[in-house]
Amino acid sequence: MKRFSFMMLALMVCCASFGQKTEFRFQATQARLLDVMSNAYVKPLTVELHVISQKRISEIIKLTRQEVEQDMKGDLDNIRSYAVYRASQLHDCDVIVAATFNVRTAGDGYEVNIIGYPANFVNWKTATQADYEWIRMEKTVTTSEREKISAAVRK
């Protein structure tokens, strides 16, 4: 009987191990990829800045609480940029040079006092070889945060 039990147990183990056979296949292929990319290269422009008035302007831009706290998320850079935008519209100019700001709460909203000189861009032209050196030097000397380099303007 022991022998019969042992044979049955061995037969069961063999059958169980035969049923658990798994097959795994894997294939990986890689080829060199050359993506088609298009790039545009634009020659830099230089422009002169013509200050419209030698007298400073002072504008108070009123903003609602929603504009400042929700739309602009209370970000001071956004508030200042919007104030420059509005002041440039009021004075029909491209930029406010040497702008200073005073942002304060006023009643149920905010007031931004912007003071500066209205100016326009004039004499747009493609940069020359001499301008390239000036632009390169200006970017490396005056900008500590290289990723925030913006357009160079020649006065």
# chains A, B, ... in the order shown; residues from 1 in each chain; ligands from 1
$ residues_around --residues "range 93-98 of chain A" --least-positions-apart "3" --cutoff "6 Å" --atoms "only C-alpha atoms" --output "PyMOL selection string"
chain A and resi 88+116-120
$ select_by_dssp --residues "range 64-113 of chain A" --states "strand (DSSP E)" --output "list of chain:residue names"
A:Thr64, A:Val95, A:Ile96, A:Val97, A:Ala98, A:Ala99, A:Thr100, A:Phe101, A:Asn102, A:Val103, A:Arg104, A:Thr105, A:Ala106, A:Gly109, A:Tyr110, A:Glu111, A:Val112, A:Asn113
$ residues_around --residues "range 75-85 of chain A" --least-positions-apart "2" --cutoff "12 Å" --atoms "only C-alpha atoms" --output "PDB file with C-alpha atoms, in the first residue's frame"
ATOM      1  CA  ILE A  57       4.083 110.262 -17.527  1.00  0.00           C
ATOM      2  CA  SER A  58       2.186 109.014 -14.509  1.00  0.00           C
ATOM      3  CA  GLU A  59      -0.815 106.748 -14.995  1.00  0.00           C
ATOM      4  CA  ILE A  60      -3.003 105.035 -12.424  1.00  0.00           C
ATOM      5  CA  ILE A  61      -4.375 101.752 -13.713  1.00  0.00           C
ATOM      6  CA  LYS A  62      -7.347 100.407 -11.732  1.00  0.00           C
ATOM      7  CA  LEU A  63      -7.831  96.662 -11.475  1.00  0.00           C
ATOM      8  CA  THR A  64     -10.612  94.631  -9.889  1.00  0.00           C
ATOM      9  CA  ARG A  65      -9.971  92.060  -7.185  1.00  0.00           C
ATOM     10  CA  GLU A  67      -8.403  90.503 -12.234  1.00  0.00           C
ATOM     11  CA  VAL A  68      -5.546  90.572  -9.725  1.00  0.00           C
ATOM     12  CA  GLU A  69      -6.298  87.662  -7.394  1.00  0.00           C
ATOM     13  CA  GLN A  70      -7.877  85.156  -9.780  1.00  0.00           C
ATOM     14  CA  ASP A  71      -6.970  86.046 -13.369  1.00  0.00           C
ATOM     15  CA  MET A  72      -3.381  87.119 -12.598  1.00  0.00           C
ATOM     16  CA  LYS A  73      -3.067  84.834  -9.533  1.00  0.00           C
ATOM     17  CA  ALA A  87      -0.369 102.711 -20.116  1.00  0.00           C
ATOM     18  CA  SER A  88       1.119 102.148 -23.577  1.00  0.00           C
ATOM     19  CA  GLN A  89      -2.394 102.004 -25.015  1.00  0.00           C
ATOM     20  CA  LEU A  90      -3.342 105.263 -23.314  1.00  0.00           C
ATOM     21  CA  HIS A  91      -0.225 107.043 -24.638  1.00  0.00           C
ATOM     22  CA  ASP A  92      -0.177 105.354 -28.059  1.00  0.00           C
ATOM     23  CA  CYS A  93       3.357 104.051 -27.634  1.00  0.00           C
ATOM     24  CA  ASP A  94       5.249 100.760 -27.891  1.00  0.00           C
ATOM     25  CA  VAL A  95       6.929 100.747 -24.490  1.00  0.00           C
ATOM     26  CA  ILE A  96       7.275 102.669 -21.237  1.00  0.00           C
ATOM     27  CA  VAL A  97      10.982 103.290 -20.647  1.00  0.00           C
ATOM     28  CA  ALA A  98      12.408 103.220 -17.095  1.00  0.00           C
ATOM     29  CA  ALA A  99       9.019 102.309 -15.651  1.00  0.00           C
ATOM     30  CA  THR A 100       8.499 102.383 -11.901  1.00  0.00           C
ATOM     31  CA  PHE A 101       5.459 100.918 -10.188  1.00  0.00           C
ATOM     32  CA  ASN A 102       3.439 101.319  -7.024  1.00  0.00           C
ATOM     33  CA  VAL A 103       0.834  98.616  -6.489  1.00  0.00           C
ATOM     34  CA  ARG A 104      -1.653  99.098  -3.659  1.00  0.00           C
ATOM     35  CA  TYR A 110      -6.187  97.525  -6.706  1.00  0.00           C
ATOM     36  CA  GLU A 111      -4.404 100.506  -8.209  1.00  0.00           C
ATOM     37  CA  VAL A 112      -1.120 100.376 -10.094  1.00  0.00           C
ATOM     38  CA  ASN A 113       0.673 103.703 -10.458  1.00  0.00           C
ATOM     39  CA  ILE A 114       3.124 103.488 -13.356  1.00  0.00           C
ATOM     40  CA  ILE A 115       5.645 106.259 -13.989  1.00  0.00           C
ATOM     41  CA  GLY A 116       7.991 106.362 -16.980  1.00  0.00           C
ATOM     42  CA  TYR A 117       8.745 107.714 -20.441  1.00  0.00           C
ATOM     43  CA  PRO A 118       6.597 106.673 -23.423  1.00  0.00           C
ATOM     44  CA  ALA A 119       8.645 105.554 -26.431  1.00  0.00           C
TER      45      ALA A 119
END
$ atom_distance --atom1 "CA of Arg86 in chain A" --atom2 "CA of Gly107 in chain A"
20.5 Å
$ closest_residue --among "A:Thr105, A:Ile52, A:Lys43, A:Gly74" --to "Gln129 in chain A" --atoms "only C-alpha atoms"
A:Lys43
$ closest_residue --among "A:Ile135, A:Val51, A:Ala106, A:Val36" --to "Phe121 in chain A" --atoms "only C-alpha atoms"
A:Val51
$ select_by_dssp --residues "range 54-152 of chain A" --states "alpha helix (DSSP H)" --output "MDAnalysis selection string"
chainID A and resid 65 76:90 129:142
$ atom_distance --atom1 "CA of Asp131 in chain A" --atom2 "CA of Val47 in chain A"
10.9 Å
$ atom_distance --atom1 "CA of Arg136 in chain A" --atom2 "CA of Met37 in chain A"
26.8 Å
$ decode --residues "range 82-133 of chain A" --atoms "C-alpha atoms" --output "PDB file, in the first residue's frame"
ATOM      1  CA  TYR A  82      -0.605  94.517 -17.661  1.00  0.00           C
ATOM      2  CA  ALA A  83      -0.092  98.040 -16.297  1.00  0.00           C
ATOM      3  CA  VAL A  84       2.583  98.726 -18.942  1.00  0.00           C
ATOM      4  CA  TYR A  85       0.242  97.379 -21.606  1.00  0.00           C
ATOM      5  CA  ARG A  86      -2.629  99.628 -20.494  1.00  0.00           C
ATOM      6  CA  ALA A  87      -0.369 102.711 -20.116  1.00  0.00           C
ATOM      7  CA  SER A  88       1.119 102.148 -23.577  1.00  0.00           C
ATOM      8  CA  GLN A  89      -2.394 102.004 -25.015  1.00  0.00           C
ATOM      9  CA  LEU A  90      -3.342 105.263 -23.314  1.00  0.00           C
ATOM     10  CA  HIS A  91      -0.225 107.043 -24.638  1.00  0.00           C
ATOM     11  CA  ASP A  92      -0.177 105.354 -28.059  1.00  0.00           C
ATOM     12  CA  CYS A  93       3.357 104.051 -27.634  1.00  0.00           C
ATOM     13  CA  ASP A  94       5.249 100.760 -27.891  1.00  0.00           C
ATOM     14  CA  VAL A  95       6.929 100.747 -24.490  1.00  0.00           C
ATOM     15  CA  ILE A  96       7.275 102.669 -21.237  1.00  0.00           C
ATOM     16  CA  VAL A  97      10.982 103.290 -20.647  1.00  0.00           C
ATOM     17  CA  ALA A  98      12.408 103.220 -17.095  1.00  0.00           C
ATOM     18  CA  ALA A  99       9.019 102.309 -15.651  1.00  0.00           C
ATOM     19  CA  THR A 100       8.499 102.383 -11.901  1.00  0.00           C
ATOM     20  CA  PHE A 101       5.459 100.918 -10.188  1.00  0.00           C
ATOM     21  CA  ASN A 102       3.439 101.319  -7.024  1.00  0.00           C
ATOM     22  CA  VAL A 103       0.834  98.616  -6.489  1.00  0.00           C
ATOM     23  CA  ARG A 104      -1.653  99.098  -3.659  1.00  0.00           C
ATOM     24  CA  THR A 105      -5.119  98.056  -2.593  1.00  0.00           C
ATOM     25  CA  ALA A 106      -7.820 100.635  -3.191  1.00  0.00           C
ATOM     26  CA  GLY A 107     -11.355 100.017  -1.975  1.00  0.00           C
ATOM     27  CA  ASP A 108     -12.647  96.803  -3.534  1.00  0.00           C
ATOM     28  CA  GLY A 109      -9.761  96.495  -6.018  1.00  0.00           C
ATOM     29  CA  TYR A 110      -6.187  97.525  -6.706  1.00  0.00           C
ATOM     30  CA  GLU A 111      -4.404 100.506  -8.209  1.00  0.00           C
ATOM     31  CA  VAL A 112      -1.120 100.376 -10.094  1.00  0.00           C
ATOM     32  CA  ASN A 113       0.673 103.703 -10.458  1.00  0.00           C
ATOM     33  CA  ILE A 114       3.124 103.488 -13.356  1.00  0.00           C
ATOM     34  CA  ILE A 115       5.645 106.259 -13.989  1.00  0.00           C
ATOM     35  CA  GLY A 116       7.991 106.362 -16.980  1.00  0.00           C
ATOM     36  CA  TYR A 117       8.745 107.714 -20.441  1.00  0.00           C
ATOM     37  CA  PRO A 118       6.597 106.673 -23.423  1.00  0.00           C
ATOM     38  CA  ALA A 119       8.645 105.554 -26.431  1.00  0.00           C
ATOM     39  CA  ASN A 120       8.255 103.964 -29.855  1.00  0.00           C
ATOM     40  CA  PHE A 121      10.459 101.623 -31.865  1.00  0.00           C
ATOM     41  CA  VAL A 122      11.766 103.228 -35.078  1.00  0.00           C
ATOM     42  CA  ASN A 123      14.239 102.341 -37.863  1.00  0.00           C
ATOM     43  CA  TRP A 124      13.873  98.555 -37.850  1.00  0.00           C
ATOM     44  CA  LYS A 125      16.666  96.883 -39.828  1.00  0.00           C
ATOM     45  CA  THR A 126      18.433  93.560 -40.148  1.00  0.00           C
ATOM     46  CA  ALA A 127      21.470  93.347 -37.895  1.00  0.00           C
ATOM     47  CA  THR A 128      24.891  93.764 -39.437  1.00  0.00           C
ATOM     48  CA  GLN A 129      28.073  91.892 -38.560  1.00  0.00           C
ATOM     49  CA  ALA A 130      29.050  94.735 -36.194  1.00  0.00           C
ATOM     50  CA  ASP A 131      25.672  94.410 -34.444  1.00  0.00           C
ATOM     51  CA  TYR A 132      26.189  90.656 -33.885  1.00  0.00           C
ATOM     52  CA  GLU A 133      29.261  91.287 -31.772  1.00  0.00           C
TER      53      GLU A 133
END
